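Data from data36.txt: compact mmCIF, C-alpha atoms and all ligand atoms
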# COMPACT_ATOMS: atom_id res chain seq x y z
CA MET A 296 0.00 0.00 0.00
CA LYS A 297 1.06 3.59 -0.55
CA PRO A 298 0.29 6.59 1.67
CA ALA A 299 -2.69 8.81 0.87
CA PRO A 300 -1.61 12.11 -0.76
CA PHE A 301 -0.27 14.75 1.61
CA ASP A 302 1.37 18.15 1.51
CA TYR A 303 5.00 18.19 2.73
CA VAL A 304 6.86 21.13 4.26
CA ARG A 305 10.33 21.29 5.80
CA PRO A 306 10.53 24.58 7.71
CA GLY A 307 13.87 26.12 8.68
CA SER A 308 12.80 27.57 12.02
CA LEU A 309 10.65 26.51 14.97
CA ASP A 310 8.34 29.51 14.44
CA ASP A 311 7.77 28.51 10.81
CA ALA A 312 7.15 24.91 11.85
CA LEU A 313 4.56 26.01 14.43
CA GLU A 314 2.90 28.21 11.81
CA ALA A 315 2.78 25.31 9.34
CA LEU A 316 1.20 23.09 11.99
CA ALA A 317 -1.34 25.73 13.01
CA GLY A 318 -2.23 26.42 9.38
CA ASP A 319 -3.66 22.96 8.65
CA SER A 320 -5.85 21.12 11.17
CA GLY A 321 -4.85 17.81 9.55
CA ALA A 322 -1.10 18.45 9.83
CA LYS A 323 1.30 16.16 11.71
CA VAL A 324 4.90 16.50 12.81
CA LEU A 325 7.42 14.20 11.08
CA ALA A 326 10.55 13.43 13.13
CA GLY A 327 12.38 10.14 12.52
CA GLY A 328 9.40 8.71 10.66
CA GLN A 329 9.94 5.23 12.14
CA SER A 330 6.41 5.06 13.52
CA LEU A 331 4.59 7.61 11.40
CA VAL A 332 5.74 6.44 7.95
CA PRO A 333 4.60 2.82 8.51
CA LEU A 334 1.23 4.19 9.69
CA LEU A 335 0.99 6.28 6.50
CA SER A 336 1.98 3.35 4.31
CA MET A 337 -0.69 1.16 5.87
CA ARG A 338 -3.17 4.05 5.63
CA LEU A 339 -3.79 3.89 9.36
CA ALA A 340 -3.03 7.63 9.37
CA ALA A 341 -3.74 10.10 6.58
CA PRO A 342 -2.54 13.57 7.60
CA SER A 343 -3.15 16.30 5.03
CA ARG A 344 0.27 17.85 5.71
CA LEU A 345 3.56 16.60 7.12
CA VAL A 346 5.65 19.20 8.93
CA ASP A 347 9.17 17.75 8.77
CA ILE A 348 11.14 19.12 11.73
CA ASN A 349 14.48 17.63 10.62
CA GLY A 350 15.64 21.00 9.25
CA LEU A 351 15.32 22.77 12.61
CA ALA A 352 18.65 23.76 14.16
CA GLY A 353 19.49 23.17 17.81
CA LEU A 354 17.05 20.34 18.55
CA ASP A 355 19.55 17.47 18.43
CA GLY A 356 21.22 18.14 21.79
CA ILE A 357 21.91 15.50 24.44
CA ASP A 358 22.86 17.32 27.64
CA ALA A 359 23.66 15.26 30.71
CA ALA A 360 24.38 17.41 33.79
CA ALA A 361 24.27 16.74 37.52
CA GLY A 362 20.50 17.23 37.73
CA GLY A 363 19.48 15.10 34.80
CA VAL A 364 19.48 14.45 31.08
CA ARG A 365 17.82 16.72 28.54
CA ILE A 366 17.28 15.12 25.13
CA GLY A 367 16.40 17.31 22.16
CA ALA A 368 13.60 16.43 19.74
CA LEU A 369 16.01 15.47 16.95
CA ALA A 370 18.41 13.37 19.03
CA ARG A 371 18.32 9.85 17.58
CA HIS A 372 17.90 6.80 19.81
CA ALA A 373 21.36 5.57 18.66
CA ASP A 374 23.12 8.76 19.77
CA VAL A 375 21.39 8.78 23.16
CA LEU A 376 22.27 5.10 23.64
CA ALA A 377 25.92 5.75 22.72
CA SER A 378 26.33 8.59 25.23
CA PRO A 379 28.49 7.64 28.25
CA ASP A 380 27.25 10.78 30.03
CA VAL A 381 23.61 9.67 29.73
CA ARG A 382 24.54 6.21 31.06
CA ARG A 383 26.36 7.76 34.04
CA VAL A 384 23.70 10.35 34.96
CA GLN A 385 20.60 8.22 34.37
CA PRO A 386 21.48 4.57 33.57
CA LEU A 387 17.82 3.53 33.17
CA VAL A 388 17.60 5.54 29.92
CA SER A 389 20.51 3.57 28.42
CA LEU A 390 19.39 0.20 29.80
CA ALA A 391 15.95 0.59 28.23
CA LEU A 392 17.12 2.13 24.95
CA ALA A 393 19.20 -0.97 24.21
CA HIS A 394 15.84 -2.77 23.77
CA VAL A 395 14.26 -0.20 21.43
CA ALA A 396 13.91 -1.73 17.97
CA HIS A 397 16.93 -2.55 15.77
CA PRO A 398 20.07 -0.50 14.99
CA THR A 399 18.77 0.87 11.67
CA ILE A 400 15.57 2.09 13.33
CA ARG A 401 17.51 3.56 16.25
CA ASN A 402 19.72 5.44 13.79
CA ARG A 403 16.75 7.42 12.55
CA GLY A 404 14.04 7.25 15.24
CA THR A 405 14.06 9.94 17.90
CA THR A 406 13.68 9.39 21.62
CA VAL A 407 11.33 12.37 21.95
CA GLY A 408 9.25 11.12 18.99
CA SER A 409 8.92 7.78 20.72
CA ILE A 410 7.74 9.46 23.93
CA VAL A 411 5.09 11.65 22.31
CA HIS A 412 3.92 8.76 20.11
CA ALA A 413 2.82 7.37 23.52
CA ASP A 414 2.83 3.69 22.65
CA ALA A 415 2.24 1.64 25.81
CA ALA A 416 4.46 -1.05 24.25
CA ALA A 417 7.41 1.35 23.84
CA GLU A 418 10.24 1.59 26.34
CA MET A 419 10.84 5.32 26.64
CA PRO A 420 7.34 6.49 27.62
CA MET A 421 7.45 4.07 30.56
CA VAL A 422 10.98 5.18 31.52
CA LEU A 423 9.94 8.86 31.47
CA ARG A 424 6.89 8.03 33.60
CA LEU A 425 8.87 5.92 36.09
CA LEU A 426 11.55 8.59 36.51
CA GLU A 427 8.91 11.35 36.75
CA GLY A 428 10.47 13.29 33.90
CA SER A 429 8.76 15.75 31.61
CA VAL A 430 8.47 17.04 28.06
CA GLU A 431 8.90 20.65 27.01
CA ALA A 432 6.40 21.65 24.33
CA ALA A 433 6.38 24.73 22.11
CA GLY A 434 3.07 26.00 20.75
CA PRO A 435 1.45 29.14 19.37
CA GLY A 436 1.05 30.48 22.93
CA GLY A 437 4.66 29.84 24.00
CA ARG A 438 6.32 26.99 25.86
CA ARG A 439 5.06 24.72 28.63
CA THR A 440 6.39 21.77 30.59
CA VAL A 441 4.22 18.66 30.67
CA ALA A 442 4.97 16.24 33.52
CA ALA A 443 5.14 12.58 32.48
CA GLY A 444 2.29 11.85 34.89
CA GLU A 445 0.03 14.05 32.77
CA LEU A 446 1.40 13.13 29.34
CA PHE A 447 0.06 9.63 28.63
CA VAL A 448 -3.71 9.82 28.48
CA GLY A 449 -4.65 6.76 26.40
CA PRO A 450 -3.40 4.20 23.87
CA LEU A 451 -1.14 6.11 21.42
CA GLU A 452 -2.51 9.34 22.88
CA SER A 453 -0.54 12.08 24.60
CA SER A 454 -1.84 15.29 26.12
CA LEU A 455 0.22 17.41 23.70
CA HIS A 456 -1.98 19.78 21.72
CA ARG A 457 -2.29 19.19 17.98
CA ASP A 458 -0.45 22.42 17.21
CA GLU A 459 2.44 21.84 19.64
CA ILE A 460 5.94 20.51 18.98
CA ALA A 461 7.81 18.67 21.73
CA VAL A 462 11.24 20.29 21.77
CA SER A 463 12.88 18.14 24.44
CA ALA A 464 12.42 15.52 27.14
CA TRP A 465 13.89 15.71 30.64
CA PHE A 466 14.95 12.68 32.70
CA PRO A 467 16.02 13.43 36.31
CA SER A 468 19.38 11.98 37.34
CA LEU A 469 19.68 8.86 39.50
CA PRO A 470 20.34 9.94 43.11
CA ALA A 471 23.59 8.76 44.75
CA GLY A 472 23.03 5.37 46.39
CA ALA A 473 19.97 4.58 44.24
CA GLY A 474 19.78 1.84 41.62
CA VAL A 475 17.76 0.87 38.56
CA GLY A 476 16.94 -2.30 36.66
CA PHE A 477 15.25 -3.07 33.35
CA GLU A 478 14.23 -6.28 31.61
CA GLU A 479 11.79 -7.25 28.93
CA ILE A 480 10.66 -10.35 27.09
CA ALA A 481 10.19 -10.09 23.32
CA ARG A 482 9.87 -12.86 20.77
CA ARG A 483 13.02 -11.57 19.05
CA HIS A 484 15.48 -9.03 20.43
CA GLY A 485 14.43 -5.61 19.15
CA ASP A 486 10.78 -6.49 18.66
CA TYR A 487 8.18 -4.74 20.77
CA ALA A 488 8.11 -6.48 24.14
CA LEU A 489 5.38 -8.84 25.32
CA CYS A 490 6.09 -7.33 28.73
CA GLY A 491 8.78 -4.99 30.03
CA VAL A 492 9.56 -3.84 33.56
CA GLY A 493 11.82 -1.12 34.95
CA ALA A 494 12.56 -0.49 38.62
CA VAL A 495 14.06 2.27 40.74
CA VAL A 496 15.24 1.53 44.29
CA ASP A 497 16.19 4.54 46.41
CA GLY A 498 16.57 3.70 50.11
CA ASP A 499 13.25 2.24 51.26
CA THR A 500 11.43 3.44 48.15
CA VAL A 501 10.83 0.81 45.46
CA ARG A 502 8.90 1.74 42.29
CA ALA A 503 8.35 -0.29 39.15
CA GLY A 504 7.12 0.70 35.69
CA TYR A 505 5.38 -1.56 33.17
CA LEU A 506 5.20 -1.52 29.37
CA SER A 507 3.04 -3.71 27.15
CA VAL A 508 0.91 -4.61 30.18
CA CYS A 509 -1.80 -1.92 30.30
CA ASP A 510 -3.12 0.66 27.78
CA VAL A 511 -0.72 3.31 29.07
CA PRO A 512 2.70 3.08 30.72
CA THR A 513 1.94 2.32 34.36
CA VAL A 514 3.97 2.82 37.55
CA VAL A 515 3.41 0.97 40.82
CA ASP A 516 4.84 1.81 44.26
CA LEU A 517 6.24 -1.39 45.80
CA SER A 518 7.88 0.17 48.86
CA GLY A 519 7.69 -2.07 51.92
CA VAL A 520 6.62 -5.17 49.95
CA ALA A 521 8.48 -8.40 50.79
CA ASP A 522 10.63 -9.65 47.91
CA ALA A 523 8.55 -12.84 47.54
CA ASP A 524 5.36 -10.81 47.10
CA LEU A 525 6.59 -8.15 44.64
CA GLY A 526 4.95 -9.59 41.51
CA ASP A 527 1.56 -10.18 43.10
CA ALA A 528 1.65 -6.76 44.77
CA ALA A 529 2.29 -5.18 41.36
CA LEU A 530 -0.50 -7.21 39.74
CA ALA A 531 -2.98 -5.83 42.26
CA HIS A 532 -2.53 -2.48 40.43
CA LEU A 533 -2.30 -3.80 36.86
CA ASP A 534 -4.74 -5.26 34.39
CA PRO A 535 -2.64 -7.26 31.90
CA GLY A 536 -4.15 -7.29 28.42
CA ASP A 537 -4.83 -10.15 26.02
CA ASP A 538 -3.80 -9.92 22.34
CA ILE A 539 -2.50 -12.04 19.47
CA HIS A 540 1.02 -11.91 20.94
CA ALA A 541 0.31 -13.12 24.49
CA SER A 542 -2.56 -14.08 26.77
CA ALA A 543 -3.35 -12.03 29.86
CA ASP A 544 -2.29 -14.97 32.07
CA TYR A 545 1.10 -15.21 30.36
CA ARG A 546 1.60 -11.45 30.73
CA ALA A 547 0.71 -11.72 34.43
CA GLU A 548 3.34 -14.43 34.84
CA LEU A 549 5.91 -12.22 33.07
CA VAL A 550 5.00 -9.39 35.47
CA ARG A 551 5.69 -11.71 38.45
CA VAL A 552 9.01 -13.00 37.10
CA LEU A 553 10.37 -9.72 35.72
CA THR A 554 9.34 -7.58 38.71
CA ALA A 555 11.35 -9.78 41.08
CA ARG A 556 14.34 -9.75 38.71
CA VAL A 557 14.48 -5.99 38.06
CA VAL A 558 13.99 -5.04 41.71
CA ALA A 559 16.85 -7.40 42.64
CA ALA A 560 19.02 -5.85 39.92
CA ALA A 561 18.16 -2.33 41.09
CA ARG A 562 19.04 -3.25 44.70
CA THR A 563 22.39 -4.64 43.56
CA MET A 564 23.16 -1.46 41.61
CA ALA A 565 22.15 0.67 44.60
CA GLN A 566 24.50 -1.28 46.89
CA THR A 567 27.36 -1.02 44.39
CA ARG A 568 26.87 2.72 43.94
CA ALA A 569 26.59 3.29 47.70
CA ALA A 570 29.90 1.50 48.20
CA GLN A 571 31.73 3.66 45.61
P1 LIG A 601 7.84 9.69 13.97
O1 LIG A 601 7.57 8.35 13.39
O2 LIG A 601 8.35 10.74 13.06
O3 LIG A 601 6.52 10.26 14.70
C1 LIG A 601 5.75 9.44 15.55
C2 LIG A 601 4.57 10.26 16.09
O4 LIG A 601 5.03 11.25 17.02
C3 LIG A 601 3.82 11.06 15.00
O5 LIG A 601 2.47 11.14 15.39
C4 LIG A 601 4.46 12.43 15.03
O6 LIG A 601 3.57 13.43 14.58
C5 LIG A 601 4.77 12.57 16.52
N1 LIG A 601 5.99 13.35 16.80
C6 LIG A 601 7.27 12.94 16.61
N2 LIG A 601 8.12 13.86 17.07
C7 LIG A 601 7.36 14.88 17.55
C8 LIG A 601 7.67 16.11 18.19
N3 LIG A 601 8.93 16.48 18.42
N4 LIG A 601 6.65 16.92 18.58
C9 LIG A 601 5.35 16.53 18.37
N5 LIG A 601 4.99 15.37 17.77
C10 LIG A 601 6.00 14.55 17.37
N6 LIG A 601 9.91 1.65 19.47
C11 LIG A 601 10.08 1.19 20.71
O7 LIG A 601 9.97 1.97 21.66
N7 LIG A 601 10.40 -0.11 20.96
C12 LIG A 601 10.54 -1.02 19.97
O8 LIG A 601 10.84 -2.19 20.24
C13 LIG A 601 10.34 -0.57 18.63
N8 LIG A 601 10.44 -1.43 17.60
C14 LIG A 601 10.22 -0.97 16.33
C15 LIG A 601 10.31 -1.87 15.29
C16 LIG A 601 10.08 -1.45 13.99
C17 LIG A 601 10.18 -2.45 12.87
C18 LIG A 601 9.81 -0.06 13.72
C19 LIG A 601 9.58 0.42 12.33
C20 LIG A 601 9.74 0.84 14.76
C21 LIG A 601 9.93 0.41 16.07
N9 LIG A 601 9.85 1.28 17.15
C22 LIG A 601 10.03 0.80 18.42
C23 LIG A 601 9.49 2.71 16.95
C24 LIG A 601 10.70 3.63 16.98
O9 LIG A 601 11.25 3.67 18.28
C25 LIG A 601 10.34 5.07 16.56
O10 LIG A 601 11.52 5.73 16.31
C26 LIG A 601 9.62 5.92 17.56
O11 LIG A 601 8.47 5.30 18.05
C27 LIG A 601 9.08 7.23 16.95
O12 LIG A 601 10.09 8.12 16.78
P2 LIG A 601 10.24 8.87 15.39
O13 LIG A 601 11.23 9.95 15.61
O14 LIG A 601 10.52 7.89 14.33
O15 LIG A 601 8.78 9.56 15.24
Please re-express this file's structure in structure tokens.
Ligand code: FAD
Amino acid sequence: MKPAPFDYVRPGSLDDALEALAGDSGAKVLAGGQSLVPLLSMRLAAPSRLVDINGLAGLDGIDAAAGGVRIGALARHADVLASPDVRRVQPLVSLALAHVAHPTIRNRGTTVGSIVHADAAAEMPMVLRLLEGSVEAAGPGGRRTVAAGELFVGPLESSLHRDEIAVSAWFPSLPAGAGVGFEEIARRHGDYALCGVGAVVDGDTVRAGYLSVCDVPTVVDLSGVADADLGDAALAHLDPGDDIHASADYRAELVRVLTARVVAAARTMAQTRAAQ
């Protein structure tokens, strides 16, 4: 199948891009195209205009400082994954990115595009939600910061306005003495996961995030739960779905197994970092 006809513009400035978006109610932003172009080709989306943001200067930054990591809208997954500074400041971003698709897709796909695409089966929306990060959006009325807790409102649906462009995503740094873990099960490495779990352990606080389990990336507080009960405690807050890839029962079992594993891994990292 071929995409339905559309108008294509490649603005040279953010203001022009916002104007192009505002000027056509059927317009969509094109970033890496690794999710949007397949949707166009299958005619699951038929925007009247594509606003290609790849010509905008200054949106490809990856800045890792003491407080956290800021990733620009045109930073590719591959560049974020390759950054030693990102891995040092917030290792969960790097751990999870290693599971995003295949190298060719990571070379082109953007981390911010993946977040605002808001796929509950994708790694980075869950990581942003678990770390309580945020997205900075530019729109006709100026800029605003959208907390991850308010960003994911439904399957493939973010709370960004139609005429806004996400210019960056912010991931807070991992506190000293804290640890993270991430694991997922996919049929083949690089495929979307049947279930994925991330964990952050910081002192007595234990939190876990789930992808491919519910309709939106979901975070559960597991502080104070005995290790043997972690999976069942998480399942009390989750409603694993059934689809052609896995039954709900199988997903629930993956939640039990992976939750125990990632919390253990996060505790080990926390102990190692505390001893350094
Ligand atoms: P695009 O495809 O360009 O855009 C996606 C959507 O986000 C569009 O609606 C677009 O309008 C919007 N958008 C993008 N950027 C912005 C912005 N800055 N502001 C506002 N709106 C914006 N992803 C995973 O997480 N895990 C996987 O395992 C995985 N496997 C994949 C396997 C295959 C075979 C393919 C083709 C893709 C896979 N992906 C996977 C998706 C990949 O990570 C994409 O790169 C990512 O989802 C979207 O990023 P993009 O830059 O390509 O966005």
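Between CA of Gly363 (chain A) and CA of Val384 (chain A) lies a distance of 6.4 Å.
Of the residues under consideration (A:Ser429, A:Ser463, A:Thr563, A:Thr554), A:Ser463 shows the shortest atom-to-atom contact distance to ligand LIG 601 (chain A) when counting only C-alpha atoms and all ligand atoms.
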With only C-alpha atoms as the counted atoms, please give the residues lying no more than 12 Å from Ala559 (chain A), apart from itself and same-chain residues fewer than 6 positions off, as an MDAnalysis selection string.
chainID A and resid 474:478 493:496 501 503 521:523 525 552:553 565:566
Give me the residues of chain A that have any atom at most 7 Å from an atom of ligand LIG 601 (chain A); for each, the nearest atom pair and the distance in Å, rounded to one decimal. Use only C-alpha atoms and all ligand atoms, sort by chain and number, and format it as JSON lines.
{"residue": "A:Lys323", "atom": "CA", "partner": "A:LIG601", "partner_atom": "O6", "distance": 4.6}
{"residue": "A:Val324", "atom": "CA", "partner": "A:LIG601", "partner_atom": "O6", "distance": 3.8}
{"residue": "A:Leu325", "atom": "CA", "partner": "A:LIG601", "partner_atom": "O2", "distance": 4.1}
{"residue": "A:Ala326", "atom": "CA", "partner": "A:LIG601", "partner_atom": "O2", "distance": 3.5}
{"residue": "A:Gly327", "atom": "CA", "partner": "A:LIG601", "partner_atom": "O13", "distance": 3.3}
{"residue": "A:Gly328", "atom": "CA", "partner": "A:LIG601", "partner_atom": "O1", "distance": 3.3}
{"residue": "A:Gln329", "atom": "CA", "partner": "A:LIG601", "partner_atom": "O14", "distance": 3.5}
{"residue": "A:Ser330", "atom": "CA", "partner": "A:LIG601", "partner_atom": "O1", "distance": 3.5}
{"residue": "A:Leu331", "atom": "CA", "partner": "A:LIG601", "partner_atom": "O1", "distance": 3.7}
{"residue": "A:Val332", "atom": "CA", "partner": "A:LIG601", "partner_atom": "O1", "distance": 6.0}
{"residue": "A:Pro333", "atom": "CA", "partner": "A:LIG601", "partner_atom": "C19", "distance": 6.7}
{"residue": "A:Ala368", "atom": "CA", "partner": "A:LIG601", "partner_atom": "N3", "distance": 4.9}
{"residue": "A:His394", "atom": "CA", "partner": "A:LIG601", "partner_atom": "O8", "distance": 6.1}
{"residue": "A:Val395", "atom": "CA", "partner": "A:LIG601", "partner_atom": "N7", "distance": 3.9}
{"residue": "A:Ala396", "atom": "CA", "partner": "A:LIG601", "partner_atom": "N8", "distance": 3.5}
{"residue": "A:His397", "atom": "CA", "partner": "A:LIG601", "partner_atom": "C15", "distance": 6.7}
{"residue": "A:Ile400", "atom": "CA", "partner": "A:LIG601", "partner_atom": "C20", "distance": 6.1}
{"residue": "A:Arg401", "atom": "CA", "partner": "A:LIG601", "partner_atom": "O10", "distance": 6.4}
{"residue": "A:Arg403", "atom": "CA", "partner": "A:LIG601", "partner_atom": "O14", "distance": 6.5}
{"residue": "A:Gly404", "atom": "CA", "partner": "A:LIG601", "partner_atom": "O10", "distance": 3.1}
{"residue": "A:Thr405", "atom": "CA", "partner": "A:LIG601", "partner_atom": "O13", "distance": 3.6}
{"residue": "A:Thr406", "atom": "CA", "partner": "A:LIG601", "partner_atom": "O12", "distance": 6.2}
{"residue": "A:Val407", "atom": "CA", "partner": "A:LIG601", "partner_atom": "N3", "distance": 5.9}
{"residue": "A:Gly408", "atom": "CA", "partner": "A:LIG601", "partner_atom": "N2", "distance": 3.5}
{"residue": "A:Ser409", "atom": "CA", "partner": "A:LIG601", "partner_atom": "O11", "distance": 3.7}
{"residue": "A:Val411", "atom": "CA", "partner": "A:LIG601", "partner_atom": "O4", "distance": 5.3}
{"residue": "A:His412", "atom": "CA", "partner": "A:LIG601", "partner_atom": "O4", "distance": 4.1}
{"residue": "A:Ala416", "atom": "CA", "partner": "A:LIG601", "partner_atom": "O7", "distance": 6.8}
{"residue": "A:Ala417", "atom": "CA", "partner": "A:LIG601", "partner_atom": "O7", "distance": 3.4}
{"residue": "A:Glu418", "atom": "CA", "partner": "A:LIG601", "partner_atom": "O7", "distance": 4.7}
{"residue": "A:Met419", "atom": "CA", "partner": "A:LIG601", "partner_atom": "O7", "distance": 6.1}
{"residue": "A:Glu459", "atom": "CA", "partner": "A:LIG601", "partner_atom": "C9", "distance": 6.2}
{"residue": "A:Ile460", "atom": "CA", "partner": "A:LIG601", "partner_atom": "N4", "distance": 3.7}
{"residue": "A:Ala461", "atom": "CA", "partner": "A:LIG601", "partner_atom": "N4", "distance": 3.8}
{"residue": "A:Val462", "atom": "CA", "partner": "A:LIG601", "partner_atom": "N3", "distance": 5.6}
{"residue": "A:Gly485", "atom": "CA", "partner": "A:LIG601", "partner_atom": "O8", "distance": 5.1}
{"residue": "A:Asp486", "atom": "CA", "partner": "A:LIG601", "partner_atom": "O8", "distance": 4.6}
{"residue": "A:Tyr487", "atom": "CA", "partner": "A:LIG601", "partner_atom": "O8", "distance": 3.7}
{"residue": "A:Ala488", "atom": "CA", "partner": "A:LIG601", "partner_atom": "O8", "distance": 6.4}
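Each of A:Leu455, A:Ala373, A:Ala315, A:Val511 was compared to Arg424 (chain A) using only C-alpha atoms, and A:Val511 turns out to be the nearest.
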Of the candidates A:Val515, A:Val508, A:Ala547, A:Met421, which one gets nearest to His532 (chain A) if we count all atoms listed in the file?
A:Val515
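You will find CA of Arg371 (chain A) at 11.1 Å from CA of Asn349 (chain A).
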Please list as a PDB file with C-alpha atoms, keeping the file's coordinate frame every residue within 6 Å of Leu369 (chain A), counting all atoms listed in the file and excluding residues in the same chain fewer than 2 positions away.
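The file below, result-v1.pdb, is the result:
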ATOM      1  CA  LEU A 354      17.050  20.340  18.550  1.00  0.00           C
ATOM      2  CA  ASP A 355      19.550  17.470  18.430  1.00  0.00           C
ATOM      3  CA  GLY A 367      16.400  17.310  22.160  1.00  0.00           C
ATOM      4  CA  THR A 405      14.060   9.940  17.900  1.00  0.00           C
TER       5      THR A 405
END
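Take CA of Val364 (chain A) and CA of Gln385 (chain A): the distance between them is 7.1 Å.
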Counting all atoms listed in the file, what is within 10 Å of Phe466 (chain A), bar same-chain residues fewer than 4 positions away, as a short mmCIF file (atom, residue, chain, number, x, y, z; two decimals) with C-alpha atoms, in the coordinates of the input?
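As a result, result08.cif now contains:
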data_model
loop_
_atom_site.label_atom_id
_atom_site.label_comp_id
_atom_site.auth_asym_id
_atom_site.auth_seq_id
_atom_site.Cartn_x
_atom_site.Cartn_y
_atom_site.Cartn_z
CA ALA A 359 23.66 15.26 30.71
CA GLY A 362 20.50 17.23 37.73
CA GLY A 363 19.48 15.10 34.80
CA VAL A 364 19.48 14.45 31.08
CA ARG A 365 17.82 16.72 28.54
CA ILE A 366 17.28 15.12 25.13
CA VAL A 381 23.61 9.67 29.73
CA VAL A 384 23.70 10.35 34.96
CA GLN A 385 20.60 8.22 34.37
CA LEU A 387 17.82 3.53 33.17
CA VAL A 388 17.60 5.54 29.92
CA VAL A 422 10.98 5.18 31.52
CA LEU A 423 9.94 8.86 31.47
CA ARG A 424 6.89 8.03 33.60
CA LEU A 425 8.87 5.92 36.09
CA LEU A 426 11.55 8.59 36.51
CA GLU A 427 8.91 11.35 36.75
CA GLY A 428 10.47 13.29 33.90
CA SER A 429 8.76 15.75 31.61
CA VAL A 430 8.47 17.04 28.06
CA ALA A 443 5.14 12.58 32.48
#
